[in-house]
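Text of protein26.cif (mmCIF, C-alpha atoms and all ligand atoms) as supplied:
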```cif
data_protein
loop_
_atom_site.group_PDB
_atom_site.id
_atom_site.type_symbol
_atom_site.label_atom_id
_atom_site.label_comp_id
_atom_site.auth_asym_id
_atom_site.auth_seq_id
_atom_site.Cartn_x
_atom_site.Cartn_y
_atom_site.Cartn_z
ATOM 1 C CA MET E 1 32.708 61.747 -63.335
ATOM 2 C CA SER E 2 30.520 60.159 -60.647
ATOM 3 C CA ALA E 3 31.955 59.423 -57.178
ATOM 4 C CA PRO E 4 32.754 55.806 -56.346
ATOM 5 C CA PRO E 5 29.801 54.182 -54.551
ATOM 6 C CA ALA E 6 30.018 53.044 -50.908
ATOM 7 C CA GLU E 7 28.104 50.195 -49.278
ATOM 8 C CA PRO E 8 27.716 49.113 -45.653
ATOM 9 C CA PRO E 9 29.733 45.959 -44.858
ATOM 10 C CA SER E 10 28.014 42.799 -46.123
ATOM 11 C CA ARG E 11 26.319 40.861 -43.296
ATOM 12 C CA HIS E 12 26.354 37.426 -44.817
ATOM 13 C CA ALA E 13 29.999 36.730 -45.601
ATOM 14 C CA ARG E 14 30.921 33.240 -44.383
ATOM 15 C CA PRO E 15 34.048 31.165 -45.040
ATOM 16 C CA GLY E 16 34.111 30.332 -48.748
ATOM 17 C CA GLU E 17 31.447 32.914 -49.552
ATOM 18 C CA PRO E 18 32.074 36.274 -51.220
ATOM 19 C CA SER E 19 33.577 38.695 -48.674
ATOM 20 C CA HIS E 20 33.505 42.448 -48.266
ATOM 21 C CA GLU E 21 36.798 42.536 -50.221
ATOM 22 C CA ASP E 22 35.141 40.676 -53.133
ATOM 23 C CA ASP E 23 32.298 43.213 -53.083
ATOM 24 C CA ARG E 24 34.781 46.071 -53.150
ATOM 25 C CA THR E 25 36.716 44.699 -56.093
ATOM 26 C CA LYS E 26 33.506 44.210 -58.069
ATOM 27 C CA ARG E 27 32.389 47.754 -57.236
ATOM 28 C CA LEU E 28 35.781 49.070 -58.351
ATOM 29 C CA LEU E 29 35.497 47.407 -61.770
ATOM 30 C CA LYS E 30 31.846 48.373 -62.218
ATOM 31 C CA TRP E 31 32.574 52.002 -61.365
ATOM 32 C CA ILE E 32 35.551 52.296 -63.755
ATOM 33 C CA LEU E 33 33.700 50.613 -66.623
ATOM 34 C CA SER E 34 30.722 52.930 -66.109
ATOM 35 C CA LEU E 35 32.749 56.138 -66.542
ATOM 36 C CA ASP E 36 31.677 58.407 -69.409
ATOM 37 C CA ASN E 37 35.282 59.065 -70.455
ATOM 38 C CA LEU E 38 36.242 55.379 -70.707
ATOM 39 C CA ASP E 39 37.641 55.880 -74.224
ATOM 40 C CA GLU E 40 40.133 58.467 -72.911
ATOM 41 C CA ILE E 41 41.268 56.003 -70.247
ATOM 42 C CA ARG E 42 41.700 53.011 -72.556
ATOM 43 C CA GLY E 43 45.365 52.355 -73.336
ATOM 44 C CA HIS E 44 46.667 54.658 -70.556
ATOM 45 C CA PRO E 45 48.059 52.625 -67.609
ATOM 46 C CA GLN E 46 48.591 55.740 -65.435
ATOM 47 C CA LYS E 47 44.947 56.782 -65.787
ATOM 48 C CA VAL E 48 43.792 53.344 -64.644
ATOM 49 C CA ILE E 49 46.194 53.500 -61.682
ATOM 50 C CA ASP E 50 44.873 56.969 -60.746
ATOM 51 C CA LEU E 51 41.310 55.671 -60.794
ATOM 52 C CA ILE E 52 42.166 52.730 -58.536
ATOM 53 C CA ASP E 53 43.813 55.203 -56.126
ATOM 54 C CA GLU E 54 40.787 57.484 -56.238
ATOM 55 C CA PHE E 55 38.424 54.591 -55.545
ATOM 56 C CA SER E 56 40.466 53.406 -52.555
ATOM 57 C CA LYS E 57 40.759 56.918 -51.144
ATOM 58 C CA ASP E 58 37.017 57.597 -51.415
ATOM 59 C CA GLU E 59 36.072 54.224 -49.927
ATOM 60 C CA ARG E 60 38.361 54.844 -46.969
ATOM 61 C CA MET E 61 36.854 58.279 -46.451
ATOM 62 C CA MET E 62 33.395 56.747 -46.447
ATOM 63 C CA THR E 63 34.301 54.223 -43.754
ATOM 64 C CA PRO E 64 32.775 55.220 -40.418
ATOM 65 C CA GLN E 65 35.213 56.288 -37.728
ATOM 66 C CA THR E 66 32.825 54.782 -35.208
ATOM 67 C CA MET E 67 30.389 52.004 -36.061
ATOM 68 C CA ILE E 68 27.820 51.115 -33.407
ATOM 69 C CA GLU E 69 25.847 47.903 -33.106
ATOM 70 C CA LEU E 70 22.850 47.206 -30.899
ATOM 71 C CA GLY E 71 23.009 43.566 -29.772
ATOM 72 C CA CYS E 72 26.395 41.833 -29.538
ATOM 73 C CA PHE E 73 25.410 38.311 -28.397
ATOM 74 C CA VAL E 74 28.622 36.238 -28.630
ATOM 75 C CA GLY E 75 30.302 38.674 -30.997
ATOM 76 C CA TYR E 76 29.831 37.186 -34.479
ATOM 77 C CA SER E 77 28.803 40.458 -36.144
ATOM 78 C CA ALA E 78 31.204 42.467 -33.946
ATOM 79 C CA ILE E 79 34.102 40.358 -35.235
ATOM 80 C CA LEU E 80 32.893 40.428 -38.849
ATOM 81 C CA PHE E 81 32.125 44.149 -39.028
ATOM 82 C CA GLY E 82 34.774 45.251 -36.509
ATOM 83 C CA ASP E 83 37.427 43.652 -38.704
ATOM 84 C CA ALA E 84 36.011 45.345 -41.830
ATOM 85 C CA VAL E 85 35.826 48.765 -40.156
ATOM 86 C CA ARG E 86 39.393 48.487 -38.795
ATOM 87 C CA ARG E 87 40.799 47.295 -42.146
ATOM 88 C CA ASN E 88 39.188 50.263 -43.854
ATOM 89 C CA GLY E 89 40.651 52.859 -41.512
ATOM 90 C CA GLY E 90 37.874 53.211 -38.897
ATOM 91 C CA LYS E 91 38.713 54.134 -35.299
ATOM 92 C CA ARG E 92 36.414 52.012 -33.110
ATOM 93 C CA TYR E 93 33.409 49.719 -32.987
ATOM 94 C CA LEU E 94 30.942 49.995 -30.118
ATOM 95 C CA SER E 95 28.811 46.945 -29.405
ATOM 96 C CA LEU E 96 25.911 47.334 -26.976
ATOM 97 C CA GLU E 97 24.782 44.220 -25.098
ATOM 98 C CA LEU E 98 22.230 43.706 -22.342
ATOM 99 C CA ASN E 99 23.404 40.326 -21.125
ATOM 100 C CA ALA E 100 26.666 40.457 -19.144
ATOM 101 C CA GLU E 101 27.401 36.729 -19.563
ATOM 102 C CA TRP E 102 27.136 36.895 -23.337
ATOM 103 C CA ALA E 103 29.200 40.082 -23.328
ATOM 104 C CA ASN E 104 31.890 38.216 -21.415
ATOM 105 C CA ILE E 105 31.943 35.374 -23.959
ATOM 106 C CA ALA E 106 32.031 37.908 -26.815
ATOM 107 C CA GLN E 107 34.949 39.729 -25.167
ATOM 108 C CA GLN E 108 36.984 36.521 -25.025
ATOM 109 C CA LEU E 109 36.241 35.713 -28.675
ATOM 110 C CA LEU E 110 37.092 39.273 -29.700
ATOM 111 C CA ASP E 111 40.376 39.042 -27.778
ATOM 112 C CA LEU E 112 41.085 35.761 -29.549
ATOM 113 C CA ALA E 113 40.376 37.447 -32.896
ATOM 114 C CA GLY E 114 42.779 40.291 -32.055
ATOM 115 C CA LEU E 115 39.968 42.842 -31.971
ATOM 116 C CA GLY E 116 39.739 43.251 -28.194
ATOM 117 C CA ASP E 117 41.121 46.801 -28.257
ATOM 118 C CA PHE E 118 39.128 47.911 -31.281
ATOM 119 C CA VAL E 119 35.654 46.616 -30.396
ATOM 120 C CA HIS E 120 34.298 47.992 -27.116
ATOM 121 C CA ILE E 121 31.426 46.071 -25.590
ATOM 122 C CA LEU E 122 29.137 48.284 -23.520
ATOM 123 C CA ILE E 123 26.974 46.298 -21.128
ATOM 124 C CA GLY E 124 23.451 47.515 -20.384
ATOM 125 C CA ARG E 125 20.162 48.280 -22.058
ATOM 126 C CA SER E 126 20.734 49.965 -25.407
ATOM 127 C CA ASP E 127 18.617 53.051 -24.729
ATOM 128 C CA THR E 128 20.406 53.726 -21.428
ATOM 129 C CA THR E 129 23.825 53.225 -23.008
ATOM 130 C CA LEU E 130 22.950 55.381 -26.034
ATOM 131 C CA ASN E 131 21.817 58.112 -23.662
ATOM 132 C CA LYS E 132 25.152 57.945 -21.810
ATOM 133 C CA LEU E 133 27.073 58.146 -25.089
ATOM 134 C CA TYR E 134 25.040 61.239 -25.950
ATOM 135 C CA GLU E 135 25.320 62.931 -22.543
ATOM 136 C CA THR E 136 29.069 62.413 -22.240
ATOM 137 C CA GLY E 137 29.580 63.684 -25.788
ATOM 138 C CA ASP E 138 31.361 60.442 -26.627
ATOM 139 C CA VAL E 139 29.190 60.063 -29.739
ATOM 140 C CA LYS E 140 28.236 63.282 -31.528
ATOM 141 C CA SER E 141 26.398 61.708 -34.457
ATOM 142 C CA ILE E 142 25.594 58.290 -35.836
ATOM 143 C CA GLU E 143 27.720 57.281 -38.801
ATOM 144 C CA LEU E 144 26.778 53.608 -39.234
ATOM 145 C CA LEU E 145 24.396 51.816 -36.866
ATOM 146 C CA PHE E 146 23.731 48.080 -37.053
ATOM 147 C CA ILE E 147 20.445 47.300 -35.285
ATOM 148 C CA ASP E 148 20.103 43.676 -34.211
ATOM 149 C CA HIS E 149 18.738 43.518 -30.641
ATOM 150 C CA TYR E 150 15.244 43.579 -29.085
ATOM 151 C CA LYS E 151 12.903 43.944 -32.082
ATOM 152 C CA PRO E 152 10.373 46.301 -30.387
ATOM 153 C CA ALA E 153 13.267 48.611 -29.415
ATOM 154 C CA TYR E 154 14.445 49.215 -33.006
ATOM 155 C CA LEU E 155 12.038 52.111 -33.430
ATOM 156 C CA THR E 156 12.141 53.509 -29.889
ATOM 157 C CA ASP E 157 15.952 53.576 -29.931
ATOM 158 C CA LEU E 158 15.956 55.263 -33.338
ATOM 159 C CA LYS E 159 13.529 57.925 -32.120
ATOM 160 C CA GLN E 160 15.705 58.544 -29.052
ATOM 161 C CA LEU E 161 18.729 59.079 -31.303
ATOM 162 C CA GLU E 162 16.686 61.429 -33.494
ATOM 163 C CA HIS E 163 15.446 63.315 -30.433
ATOM 164 C CA HIS E 164 19.032 63.946 -29.322
ATOM 165 C CA GLY E 165 20.058 65.144 -32.772
ATOM 166 C CA LEU E 166 22.403 62.224 -33.353
ATOM 167 C CA ILE E 167 20.823 61.225 -36.665
ATOM 168 C CA VAL E 168 22.127 63.616 -39.298
ATOM 169 C CA PRO E 169 22.320 63.664 -43.079
ATOM 170 C CA GLY E 170 24.777 60.905 -43.938
ATOM 171 C CA SER E 171 23.796 58.639 -41.017
ATOM 172 C CA VAL E 172 23.229 55.065 -42.177
ATOM 173 C CA LEU E 173 21.102 52.507 -40.335
ATOM 174 C CA ALA E 174 21.219 48.796 -41.140
ATOM 175 C CA ALA E 175 18.418 46.892 -39.389
ATOM 176 C CA ASP E 176 18.519 43.094 -39.358
ATOM 177 C CA ASN E 177 15.656 40.571 -39.296
ATOM 178 C CA VAL E 178 13.098 42.949 -40.721
ATOM 179 C CA LEU E 179 11.247 40.104 -42.473
ATOM 180 C CA TYR E 180 11.831 37.271 -39.961
ATOM 181 C CA PRO E 181 10.659 37.707 -37.258
ATOM 182 C CA GLY E 182 9.789 41.036 -38.887
ATOM 183 C CA ASN E 183 9.503 44.606 -37.685
ATOM 184 C CA PRO E 184 6.443 46.381 -39.177
ATOM 185 C CA PRO E 185 6.596 49.511 -36.966
ATOM 186 C CA TYR E 186 10.272 50.138 -37.788
ATOM 187 C CA LEU E 187 9.815 49.524 -41.517
ATOM 188 C CA GLU E 188 6.763 51.744 -41.702
ATOM 189 C CA TYR E 189 8.608 54.579 -39.954
ATOM 190 C CA VAL E 190 11.814 54.581 -41.980
ATOM 191 C CA ARG E 191 9.808 54.316 -45.222
ATOM 192 C CA SER E 192 7.436 57.164 -44.326
ATOM 193 C CA THR E 193 7.586 60.636 -45.780
ATOM 194 C CA VAL E 194 8.174 63.651 -43.539
ATOM 195 C CA GLU E 195 4.506 64.598 -43.955
ATOM 196 C CA GLN E 196 3.356 61.140 -42.838
ATOM 197 C CA LYS E 197 5.682 61.233 -39.828
ATOM 198 C CA ARG E 198 4.538 64.740 -38.862
ATOM 199 C CA GLU E 199 0.916 63.587 -39.026
ATOM 200 C CA ALA E 200 1.648 60.541 -36.860
ATOM 201 C CA ALA E 201 3.619 62.696 -34.379
ATOM 202 C CA LYS E 202 0.502 64.792 -33.693
ATOM 203 C CA LYS E 203 -0.825 61.847 -31.673
ATOM 204 C CA GLY E 204 2.241 62.077 -29.405
ATOM 205 C CA PRO E 205 4.809 59.401 -28.601
ATOM 206 C CA THR E 206 3.884 55.722 -28.584
ATOM 207 C CA LYS E 207 3.579 54.367 -25.041
ATOM 208 C CA GLY E 208 6.148 51.668 -24.342
ATOM 209 C CA TYR E 209 7.913 49.667 -27.031
ATOM 210 C CA SER E 210 6.717 49.396 -30.642
ATOM 211 C CA THR E 211 5.250 45.898 -30.749
ATOM 212 C CA GLU E 212 2.534 46.187 -33.410
ATOM 213 C CA GLY E 213 2.392 43.192 -35.740
ATOM 214 C CA MET E 214 4.991 41.211 -33.771
ATOM 215 C CA ARG E 215 4.547 37.717 -32.391
ATOM 216 C CA GLU E 216 4.248 37.307 -28.630
ATOM 217 C CA ARG E 217 7.465 35.289 -28.611
ATOM 218 C CA THR E 218 9.380 38.160 -30.199
ATOM 219 C CA VAL E 219 7.925 40.694 -27.776
ATOM 220 C CA GLN E 220 8.825 38.526 -24.793
ATOM 221 C CA SER E 221 12.389 37.698 -25.795
ATOM 222 C CA PHE E 222 15.388 39.276 -24.030
ATOM 223 C CA MET E 223 13.645 42.001 -22.016
ATOM 224 C CA PRO E 224 11.945 41.616 -18.632
ATOM 225 C CA GLU E 225 8.155 42.015 -18.865
ATOM 226 C CA GLY E 226 6.960 45.532 -18.067
ATOM 227 C CA ASP E 227 10.208 47.257 -19.079
ATOM 228 C CA MET E 228 9.639 50.687 -20.621
ATOM 229 C CA PRO E 229 11.891 52.694 -22.936
ATOM 230 C CA PHE E 230 14.091 55.264 -21.210
ATOM 231 C CA LEU E 231 12.550 58.126 -23.199
ATOM 232 C CA GLU E 232 9.145 58.547 -24.828
ATOM 233 C CA THR E 233 9.546 60.770 -27.844
ATOM 234 C CA VAL E 234 8.216 61.258 -31.353
ATOM 235 C CA GLY E 235 11.816 61.629 -32.539
ATOM 236 C CA ASN E 236 12.434 64.087 -35.337
ATOM 237 C CA PRO E 237 9.820 63.671 -38.093
ATOM 238 C CA ASN E 238 11.661 66.228 -40.259
ATOM 239 C CA LEU E 239 14.486 63.843 -41.109
ATOM 240 C CA VAL E 240 14.310 62.594 -44.683
ATOM 241 C CA TYR E 241 15.168 58.931 -45.135
ATOM 242 C CA LYS E 242 15.948 56.848 -48.203
ATOM 243 C CA SER E 243 15.354 53.265 -47.280
ATOM 244 C CA GLU E 244 15.639 49.969 -49.105
ATOM 245 C CA LEU E 245 15.448 46.288 -48.387
ATOM 246 C CA ARG E 246 18.619 44.274 -49.019
ATOM 247 C CA GLN E 247 17.869 40.585 -49.311
ATOM 248 C CA PRO E 248 20.892 38.410 -50.099
ATOM 249 C CA GLU E 249 20.089 35.715 -52.667
ATOM 250 C CA GLY E 250 18.830 32.512 -51.089
ATOM 251 C CA HIS E 251 18.023 34.152 -47.728
ATOM 252 C CA LYS E 252 14.448 34.538 -46.572
ATOM 253 C CA ASP E 253 15.358 37.324 -44.156
ATOM 254 C CA ALA E 254 16.622 40.766 -45.089
ATOM 255 C CA ILE E 255 18.275 43.935 -43.840
ATOM 256 C CA GLU E 256 16.677 47.341 -44.215
ATOM 257 C CA VAL E 257 19.348 49.889 -45.110
ATOM 258 C CA THR E 258 18.265 53.439 -44.388
ATOM 259 C CA ARG E 259 20.186 56.586 -45.144
ATOM 260 C CA CYS E 260 19.329 60.004 -43.728
ATOM 261 C CA VAL E 261 19.554 62.261 -46.776
ATOM 262 C CA GLY E 262 18.368 65.572 -45.383
ATOM 263 C CA VAL E 263 16.212 67.621 -43.048
ATOM 264 C CA GLN E 264 12.946 69.061 -44.367
ATOM 265 C CA THR E 265 12.249 72.469 -42.909
ATOM 266 C CA GLU E 266 9.148 73.699 -44.757
HETATM 267 C C1 LIG C 301 20.193 38.581 -32.405
HETATM 268 S S1 LIG C 301 21.299 38.750 -31.075
HETATM 269 C C2 LIG C 301 22.605 39.708 -31.749
HETATM 270 C C3 LIG C 301 23.429 38.950 -32.715
HETATM 271 C C4 LIG C 301 24.685 39.656 -33.156
HETATM 272 N N1 LIG C 301 24.426 41.014 -33.615
HETATM 273 C C5 LIG C 301 25.321 38.872 -34.286
HETATM 274 O O1 LIG C 301 24.870 39.016 -35.438
HETATM 275 O O2 LIG C 301 26.256 38.153 -34.020
HETATM 276 C C6 LIG C 301 20.477 39.912 -30.071
HETATM 277 C C7 LIG C 301 21.265 40.367 -28.861
HETATM 278 O O3 LIG C 301 20.703 41.598 -28.407
HETATM 279 C C8 LIG C 301 20.756 41.641 -27.020
HETATM 280 N N2 LIG C 301 19.736 42.604 -26.575
HETATM 281 C C9 LIG C 301 18.398 42.456 -26.582
HETATM 282 N N3 LIG C 301 17.800 43.558 -26.177
HETATM 283 C C10 LIG C 301 18.770 44.453 -25.908
HETATM 284 C C11 LIG C 301 18.775 45.793 -25.449
HETATM 285 N N4 LIG C 301 17.645 46.460 -25.204
HETATM 286 N N5 LIG C 301 19.959 46.404 -25.307
HETATM 287 C C12 LIG C 301 21.126 45.771 -25.576
HETATM 288 N N6 LIG C 301 21.174 44.489 -26.023
HETATM 289 C C13 LIG C 301 20.016 43.842 -26.178
HETATM 290 C C14 LIG C 301 20.464 40.214 -26.596
HETATM 291 O O4 LIG C 301 20.900 39.965 -25.287
HETATM 292 C C15 LIG C 301 21.198 39.426 -27.669
HETATM 293 O O5 LIG C 301 22.497 39.109 -27.272
#
```

Would it be possible to restate this file's structure as structure tokens?
Amino acid sequence: MSAPPAEPPSRHARPGEPSHEDDRTKRLLKWILSLDNLDEIRGHPQKVIDLIDEFSKDERMMTPQTMIELGCFVGYSAILFGDAVRRNGGKRYLSLELNAEWANIAQQLLDLAGLGDFVHILIGRSDTTLNKLYETGDVKSIELLFIDHYKPAYLTDLKQLEHHGLIVPGSVLAADNVLYPGNPPYLEYVRSTVEQKREAAKKGPTKGYSTEGMRERTVQSFMPEGDMPFLETVGNPNLVYKSELRQPEGHKDAIEVTRCVGVQTE
């Protein structure tokens, strides 16, 4: 019997639109109907009940204890995902935000939503904050990371996390806006093989942020000109990623969902 499938929370749920709960119920039905031993289950209420229990238990176990997001703004995604993580048994949601004024607005909206004690907004540049979380031992590995901040920092922040050993098999990354405004360096990296990444790493770390193929406007947004990433590193090219584009119907933008599935040693 195959294990029930897990998905990261859906980004595009809006009032009146299908929610994470709707997704879960559909996954439950699809999983049960796909079981090889369906004929043995048919006509046995207790077996159906056991399967529903098993599905719920597995989904809860697959919920991250800590979900981290890069880029809080006024807290829309922190409220949406924070609520989903808390409802599914998670422990906390960390939201990293550069702009103190926006963080303050987000805090008030989170308090209003009743999530003020569950979602922790950490003010500062993401790479500096991630480094603190690593050095203090507060975060020992990435479970689920939502990346939605300065586009040229997607890749440099990921490489910093890799460098510190925080990306491990099972880590899931969900990167927003990968088509609009787009993020070619990030997409190329997470879709590369270990061999391709090892080859690229021979040239050493990229200087500064990864801006290739991005519009000037994107490069200039949010961050003061001349800012440099906290750490220049090639990351860990030995991590094996499985990566796919998730484009909700009717949306021109998409999220790249990347799962670390192993470490290649040879
Ligand atoms: C697209 S908005 C985030 C939207 C939010 N995730 C949502 O869906 O509701 C990007 C946010 O990232 C923040 N930001 C940009 N660069 C950052 C950095 N290096 N570290 C932390 N936050 C950053 C910006 O100040 C801005 O609030």

(Q) Counting all atoms listed in the file, which residue out of E:Ser95, E:Gln264, E:Ser243, E:Thr206 sits closest to Thr129 of chain E? (A) E:Ser95

Please build the interface table for chain E against ligand LIG 301 (chain C) with a cut-off of 7 Å, listing for each qualifying residue the nearest atom pair and the distance in Å to one decimal; count only C-alpha atoms and all ligand atoms, order rows by chain and increasing number, and write it as a Markdown table.
```
| residue | atom | partner | partner_atom | distance |
| --- | --- | --- | --- | --- |
| E:Leu70 | CA | C:LIG301 | C12 | 5.8 |
| E:Gly71 | CA | C:LIG301 | O3 | 3.3 |
| E:Cys72 | CA | C:LIG301 | C4 | 4.6 |
| E:Phe73 | CA | C:LIG301 | O5 | 3.2 |
| E:Val74 | CA | C:LIG301 | O2 | 6.2 |
| E:Gly75 | CA | C:LIG301 | O2 | 5.1 |
| E:Tyr76 | CA | C:LIG301 | O2 | 3.7 |
| E:Ser77 | CA | C:LIG301 | O2 | 4.0 |
| E:Ala78 | CA | C:LIG301 | O2 | 6.6 |
| E:Leu96 | CA | C:LIG301 | C12 | 5.2 |
| E:Glu97 | CA | C:LIG301 | N6 | 3.7 |
| E:Leu98 | CA | C:LIG301 | N6 | 3.9 |
| E:Asn99 | CA | C:LIG301 | O4 | 4.9 |
| E:Trp102 | CA | C:LIG301 | O5 | 6.5 |
| E:Gly124 | CA | C:LIG301 | C12 | 6.0 |
| E:Arg125 | CA | C:LIG301 | N5 | 3.8 |
| E:Ser126 | CA | C:LIG301 | N5 | 3.6 |
| E:Asp127 | CA | C:LIG301 | N4 | 6.7 |
| E:Asp148 | CA | C:LIG301 | N1 | 5.1 |
| E:His149 | CA | C:LIG301 | O3 | 3.5 |
| E:Tyr150 | CA | C:LIG301 | N3 | 3.9 |
| E:Ala153 | CA | C:LIG301 | N4 | 6.4 |
| E:Phe222 | CA | C:LIG301 | C9 | 5.1 |
| E:Met223 | CA | C:LIG301 | N3 | 6.1 |
```

Q: Take atom CA of Ser221 of chain E and atom CA of Gly208 of chain E and report the distance between them in Å, one decimal.
A: 15.4 Å

Here's the selection I'm unsure about, the PyMOL selection byres (((chain E and resi 146) around 9) and not hetatm); applied to the file above, which residues does it give, as an mmCIF file with C-alpha atoms, keeping the file's coordinate frame?
```
data_model
loop_
_atom_site.group_PDB
_atom_site.id
_atom_site.type_symbol
_atom_site.label_atom_id
_atom_site.label_comp_id
_atom_site.auth_asym_id
_atom_site.auth_seq_id
_atom_site.Cartn_x
_atom_site.Cartn_y
_atom_site.Cartn_z
ATOM 1 C CA MET E 67 30.389 52.004 -36.061
ATOM 2 C CA ILE E 68 27.820 51.115 -33.407
ATOM 3 C CA GLU E 69 25.847 47.903 -33.106
ATOM 4 C CA LEU E 70 22.850 47.206 -30.899
ATOM 5 C CA GLY E 71 23.009 43.566 -29.772
ATOM 6 C CA LEU E 144 26.778 53.608 -39.234
ATOM 7 C CA LEU E 145 24.396 51.816 -36.866
ATOM 8 C CA ILE E 147 20.445 47.300 -35.285
ATOM 9 C CA ASP E 148 20.103 43.676 -34.211
ATOM 10 C CA VAL E 172 23.229 55.065 -42.177
ATOM 11 C CA LEU E 173 21.102 52.507 -40.335
ATOM 12 C CA ALA E 174 21.219 48.796 -41.140
ATOM 13 C CA ALA E 175 18.418 46.892 -39.389
ATOM 14 C CA ASP E 176 18.519 43.094 -39.358
#
```

Apply the PyMOL selection byres (((chain E and resi 197) around 12) and not hetatm) to the structure shown and report the selected residues as an mmCIF file with C-alpha atoms, keeping the file's coordinate frame.
```cif
data_model
loop_
_atom_site.group_PDB
_atom_site.id
_atom_site.type_symbol
_atom_site.label_atom_id
_atom_site.label_comp_id
_atom_site.auth_asym_id
_atom_site.auth_seq_id
_atom_site.Cartn_x
_atom_site.Cartn_y
_atom_site.Cartn_z
ATOM 1 C CA LYS E 159 13.529 57.925 -32.120
ATOM 2 C CA GLU E 188 6.763 51.744 -41.702
ATOM 3 C CA TYR E 189 8.608 54.579 -39.954
ATOM 4 C CA VAL E 190 11.814 54.581 -41.980
ATOM 5 C CA ARG E 191 9.808 54.316 -45.222
ATOM 6 C CA SER E 192 7.436 57.164 -44.326
ATOM 7 C CA THR E 193 7.586 60.636 -45.780
ATOM 8 C CA VAL E 194 8.174 63.651 -43.539
ATOM 9 C CA GLU E 195 4.506 64.598 -43.955
ATOM 10 C CA GLN E 196 3.356 61.140 -42.838
ATOM 11 C CA ARG E 198 4.538 64.740 -38.862
ATOM 12 C CA GLU E 199 0.916 63.587 -39.026
ATOM 13 C CA ALA E 200 1.648 60.541 -36.860
ATOM 14 C CA ALA E 201 3.619 62.696 -34.379
ATOM 15 C CA LYS E 202 0.502 64.792 -33.693
ATOM 16 C CA LYS E 203 -0.825 61.847 -31.673
ATOM 17 C CA GLY E 204 2.241 62.077 -29.405
ATOM 18 C CA PRO E 205 4.809 59.401 -28.601
ATOM 19 C CA VAL E 234 8.216 61.258 -31.353
ATOM 20 C CA GLY E 235 11.816 61.629 -32.539
ATOM 21 C CA ASN E 236 12.434 64.087 -35.337
ATOM 22 C CA PRO E 237 9.820 63.671 -38.093
ATOM 23 C CA ASN E 238 11.661 66.228 -40.259
ATOM 24 C CA LEU E 239 14.486 63.843 -41.109
ATOM 25 C CA VAL E 240 14.310 62.594 -44.683
ATOM 26 C CA TYR E 241 15.168 58.931 -45.135
ATOM 27 C CA GLN E 264 12.946 69.061 -44.367
#
```

(Q) Residue by residue, what does the PyMOL selection byres (((chain E and resi 86) around 12) and not hetatm) grab here? Present the result as JSON, numbers by chain. (A) {"E": [9, 60, 63, 64, 65, 66, 67, 78, 79, 80, 81, 82, 83, 84, 85, 87, 88, 89, 90, 91, 92, 93, 114, 115, 116, 117, 118, 119]}

Q.
From the options E:Glu212, E:Ile123, E:Gly226, E:Val263, which residue's atoms come nearest to Lys242 of chain E, counting only C-alpha atoms?
A.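 The closest residue to Lys242 of chain E is E:Val263.
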
Q: For atom CA of Pro181 of chain E and atom CA of His164 of chain E, quote the distance in Å rounded to one decimal.
A: 28.7 Å

Q: Tell me, in Å to one decimal, how far atom CA of Ile105 of chain E is from atom CA of Asp138 of chain E.
A: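 Result for atom CA of Ile105 of chain E versus atom CA of Asp138 of chain E: 25.2 Å, one decimal.
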
Q. Quick one: of E:Phe230, E:Tyr186, E:Trp31, E:Tyr209, who's nearest to Thr258 of chain E, counting only C-alpha atoms?
A. E:Tyr186

Q | Nearest residue to Leu33 of chain E from the set E:Val48, E:Leu94, E:Arg215, E:Asn104 (distances using only C-alpha atoms) | A |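 Between E:Val48, E:Leu94, E:Arg215, E:Asn104, the residue approaching Leu33 of chain E most closely is E:Val48.
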